[in-house]
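Novice: Got a structure for you, entry.cif, holding mmCIF, C-alpha atoms, pLDDT in the B column; chains and numbers go by the auth columns.
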```
data_entry
#
loop_
_atom_site.group_PDB
_atom_site.id
_atom_site.type_symbol
_atom_site.label_atom_id
_atom_site.label_comp_id
_atom_site.label_asym_id
_atom_site.label_seq_id
_atom_site.Cartn_x
_atom_site.Cartn_y
_atom_site.Cartn_z
_atom_site.B_iso_or_equiv
_atom_site.auth_seq_id
_atom_site.auth_asym_id
ATOM 1 C CA MET A 1 0.000 0.000 0.000 58.00 723 D
ATOM 2 C CA SER A 2 2.747 2.479 0.895 71.00 724 D
ATOM 3 C CA SER A 3 4.551 1.827 -2.402 75.00 725 D
ATOM 4 C CA LYS A 4 1.390 2.822 -4.290 79.00 726 D
ATOM 5 C CA ILE A 5 1.154 6.044 -2.287 80.00 727 D
ATOM 6 C CA MET A 6 4.833 6.756 -2.936 77.00 728 D
ATOM 7 C CA LEU A 7 4.312 6.185 -6.658 80.00 729 D
ATOM 8 C CA VAL A 8 1.362 8.589 -6.738 83.00 730 D
ATOM 9 C CA VAL A 9 3.342 11.246 -4.851 80.00 731 D
ATOM 10 C CA MET A 10 6.291 10.838 -7.210 79.00 732 D
ATOM 11 C CA LEU A 11 4.054 11.124 -10.277 85.00 733 D
ATOM 12 C CA LEU A 12 2.346 14.235 -8.922 86.00 734 D
ATOM 13 C CA GLY A 13 5.711 15.771 -8.122 79.00 735 D
ATOM 14 C CA GLY A 14 6.983 14.941 -11.592 80.00 736 D
ATOM 15 C CA PHE A 15 3.941 16.504 -13.223 84.00 737 D
ATOM 16 C CA ALA A 16 4.345 19.623 -11.074 81.00 738 D
ATOM 17 C CA ILE A 17 7.986 19.966 -12.098 76.00 739 D
ATOM 18 C CA ILE A 18 7.190 19.449 -15.785 80.00 740 D
ATOM 19 C CA TYR A 19 4.353 21.975 -15.579 83.00 741 D
ATOM 20 C CA THR A 20 6.618 24.539 -13.920 76.00 742 D
ATOM 21 C CA PHE A 21 9.388 24.172 -16.473 74.00 743 D
ATOM 22 C CA THR A 22 7.040 24.295 -19.473 79.00 744 D
ATOM 23 C CA LYS A 23 5.593 27.608 -18.268 82.00 745 D
ATOM 24 C CA ALA A 24 9.063 29.192 -18.187 77.00 746 D
ATOM 25 C CA LYS A 25 10.242 31.304 -21.090 83.00 747 D
ATOM 26 C CA HIS A 26 13.375 29.167 -21.555 85.00 748 D
ATOM 27 C CA PRO A 27 12.612 25.770 -19.970 80.00 749 D
ATOM 28 C CA ILE A 28 15.977 24.118 -20.708 83.00 750 D
ATOM 29 C CA VAL A 29 17.965 26.994 -19.210 86.00 751 D
ATOM 30 C CA THR A 30 15.624 27.133 -16.212 83.00 752 D
ATOM 31 C CA ALA A 31 15.977 23.384 -15.603 83.00 753 D
ATOM 32 C CA PHE A 32 19.759 23.609 -15.899 89.00 754 D
ATOM 33 C CA LYS A 33 19.979 26.520 -13.460 89.00 755 D
ATOM 34 C CA SER A 34 17.722 24.698 -10.998 87.00 756 D
ATOM 35 C CA ALA A 35 19.812 21.537 -11.223 89.00 757 D
ATOM 36 C CA MET A 36 23.042 23.458 -10.695 93.00 758 D
ATOM 37 C CA CYS A 37 21.545 25.249 -7.689 92.00 759 D
ATOM 38 C CA GLY A 38 20.606 21.908 -6.137 91.00 760 D
ATOM 39 C CA ILE A 39 24.004 20.343 -6.756 92.00 761 D
ATOM 40 C CA VAL A 40 25.809 23.374 -5.329 94.00 762 D
ATOM 41 C CA ALA A 41 23.519 23.265 -2.275 92.00 763 D
ATOM 42 C CA LEU A 42 24.265 19.567 -1.753 92.00 764 D
ATOM 43 C CA LEU A 43 28.003 20.151 -2.033 92.00 765 D
ATOM 44 C CA SER A 44 27.938 23.188 0.250 93.00 766 D
ATOM 45 C CA VAL A 45 26.024 21.280 2.934 92.00 767 D
ATOM 46 C CA ASN A 46 28.682 18.585 2.803 92.00 768 D
ATOM 47 C CA LEU A 47 31.503 21.159 2.860 93.00 769 D
ATOM 48 C CA VAL A 48 30.289 22.730 6.102 93.00 770 D
ATOM 49 C CA SER A 49 29.382 19.387 7.684 90.00 771 D
ATOM 50 C CA GLY A 50 32.461 19.548 9.922 89.00 772 D
ATOM 51 C CA ILE A 51 31.143 22.722 11.499 92.00 773 D
ATOM 52 C CA THR A 52 27.414 21.963 11.583 87.00 774 D
ATOM 53 C CA GLY A 53 27.433 18.210 12.068 86.00 775 D
ATOM 54 C CA CYS A 54 24.813 17.718 9.322 86.00 776 D
ATOM 55 C CA TYR A 55 25.947 15.528 6.460 89.00 777 D
ATOM 56 C CA ILE A 56 23.984 14.316 3.439 90.00 778 D
ATOM 57 C CA ALA A 57 25.331 11.145 1.879 90.00 779 D
ATOM 58 C CA VAL A 58 25.781 11.457 -1.861 91.00 780 D
ATOM 59 C CA ASN A 59 23.965 8.548 -3.494 91.00 781 D
ATOM 60 C CA PRO A 60 21.649 8.231 -6.514 89.00 782 D
ATOM 61 C CA PHE A 61 18.579 9.289 -4.498 88.00 783 D
ATOM 62 C CA THR A 62 20.104 12.462 -3.069 90.00 784 D
ATOM 63 C CA ALA A 63 21.668 13.334 -6.429 89.00 785 D
ATOM 64 C CA PHE A 64 18.233 12.930 -8.060 87.00 786 D
ATOM 65 C CA VAL A 65 16.582 15.107 -5.426 88.00 787 D
ATOM 66 C CA ALA A 66 19.312 17.735 -5.773 89.00 788 D
ATOM 67 C CA THR A 67 18.976 17.930 -9.546 88.00 789 D
ATOM 68 C CA VAL A 68 15.207 17.633 -9.922 85.00 790 D
ATOM 69 C CA ILE A 69 13.754 19.293 -6.833 86.00 791 D
ATOM 70 C CA SER A 70 16.785 21.519 -6.201 87.00 792 D
ATOM 71 C CA LEU A 71 17.016 23.630 -3.033 88.00 793 D
ATOM 72 C CA PRO A 72 13.632 22.664 -1.499 88.00 794 D
ATOM 73 C CA GLY A 73 14.614 19.009 -1.840 88.00 795 D
ATOM 74 C CA ILE A 74 17.932 19.566 -0.078 91.00 796 D
ATOM 75 C CA ILE A 75 16.166 21.450 2.706 89.00 797 D
ATOM 76 C CA ALA A 76 13.667 18.597 3.065 89.00 798 D
ATOM 77 C CA ILE A 77 16.490 16.040 3.267 90.00 799 D
ATOM 78 C CA LEU A 78 18.226 18.166 5.907 90.00 800 D
ATOM 79 C CA ILE A 79 15.040 18.401 7.978 89.00 801 D
ATOM 80 C CA LEU A 80 14.506 14.641 7.715 86.00 802 D
ATOM 81 C CA ASN A 81 18.151 14.071 8.601 88.00 803 D
ATOM 82 C CA ILE A 82 17.853 16.250 11.710 85.00 804 D
ATOM 83 C CA LEU A 83 14.556 14.687 12.800 86.00 805 D
ATOM 84 C CA PHE A 84 15.523 11.046 12.377 84.00 806 D
ATOM 85 C CA MET A 85 19.231 11.030 13.226 75.00 807 D
#
```
For the file at hand, write its structure as structure tokens.

Specialist:
Amino acid sequence: MSSKIMLVVMLLGGFAIIYTFTKAKHPIVTAFKSAMCGIVALLSVNLVSGITGCYIAVNPFTAFVATVISLPGIIAILILNILFM
């Protein structure tokens, strides 16, 4: 049951991202800038992990979240990391 809910949430999120990028004037450039912002955010969180104590492991899931959802995805991972670690 939970895998079906996760699939629905992922599809809705994917449709929302596609809708957002198609409404932009230059969707490819907008998607590229968003992906770069997410990757830079992921790397900067890991760079300051010695000071803050928060570290996000770089794996295919976190790389996907960083490139597709960008900064809100990294913030969500950080919140989940703080709550459950």

Novice: Here is a test: counting only C-alpha atoms, which residue of D:Ala757, D:Ile801, D:Ile727, D:Ala738 is nearest to Phe786 of chain D?

Specialist: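 Closest to Phe786 of chain D, using only C-alpha atoms: D:Ala757.
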
Novice: For the file shown, what are the residues hit by the PyMOL selection byres ((chain D and resi 797) around 12), laid out as JSON, numbers by chain?

Specialist: {"D": [760, 763, 764, 767, 776, 778, 784, 787, 788, 791, 792, 793, 794, 795, 796, 798, 799, 800, 801, 802, 803, 804]}

Novice: What is the distance, in Å and to one decimal place, between atom CA of Ile740 of chain D and atom CA of Ser724 of chain D?

Specialist: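 According to the coordinates, atom CA of Ile740 of chain D and atom CA of Ser724 of chain D are separated by 24.2 Å.
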
Novice: Would you be able to write out as a PyMOL selection string which residues have an atom within 10 Å of (15.3, 24.7, -12.4) in the file's coordinates, counting all atoms listed in the file?

Specialist: chain D and resi 739+742-743+746+749-760+789-793

Novice: Would you work out the distance separating atom CA of Lys745 of chain D from atom CA of Met728 of chain D, expressed in Å to one decimal?

Specialist: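 Atom CA of Met728 of chain D lies at a distance of 25.9 Å from atom CA of Lys745 of chain D.
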
Novice: Using only C-alpha atoms, can you tell me which of D:Phe783, D:Tyr777, D:Phe806, D:Phe737 comes closest to Leu765 of chain D?

Specialist: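 Closest to Leu765 of chain D, using only C-alpha atoms: D:Tyr777.
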
Novice: Work out how far atom CA of Val730 of chain D is from atom CA of Val762 of chain D, in Å to one decimal.

Specialist: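 Taking atom CA of Val762 of chain D and atom CA of Val730 of chain D, their separation equals 28.6 Å.
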
Novice: Using all atoms listed in the file, which residue out of D:Gly735, D:His748, D:Val780, D:Leu729 lies closest to Ile761 of chain D?

Specialist: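 Checking each of D:Gly735, D:His748, D:Val780, D:Leu729 against Ile761 of chain D, counting all atoms listed in the file, the winner is D:Val780.
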
Novice: I'd like the box whose edges run along x, y and z of the file and which contains every listed atom of segment 764-772 of chain D, padded by 4 Å per side; could you state its centre and edge lengths in Å, one decimal, as JSON?

Specialist:
```
{"center_x": 28.4, "center_y": 20.9, "center_z": 3.9, "size_x": 16.2, "size_y": 12.6, "size_z": 20.0}
```
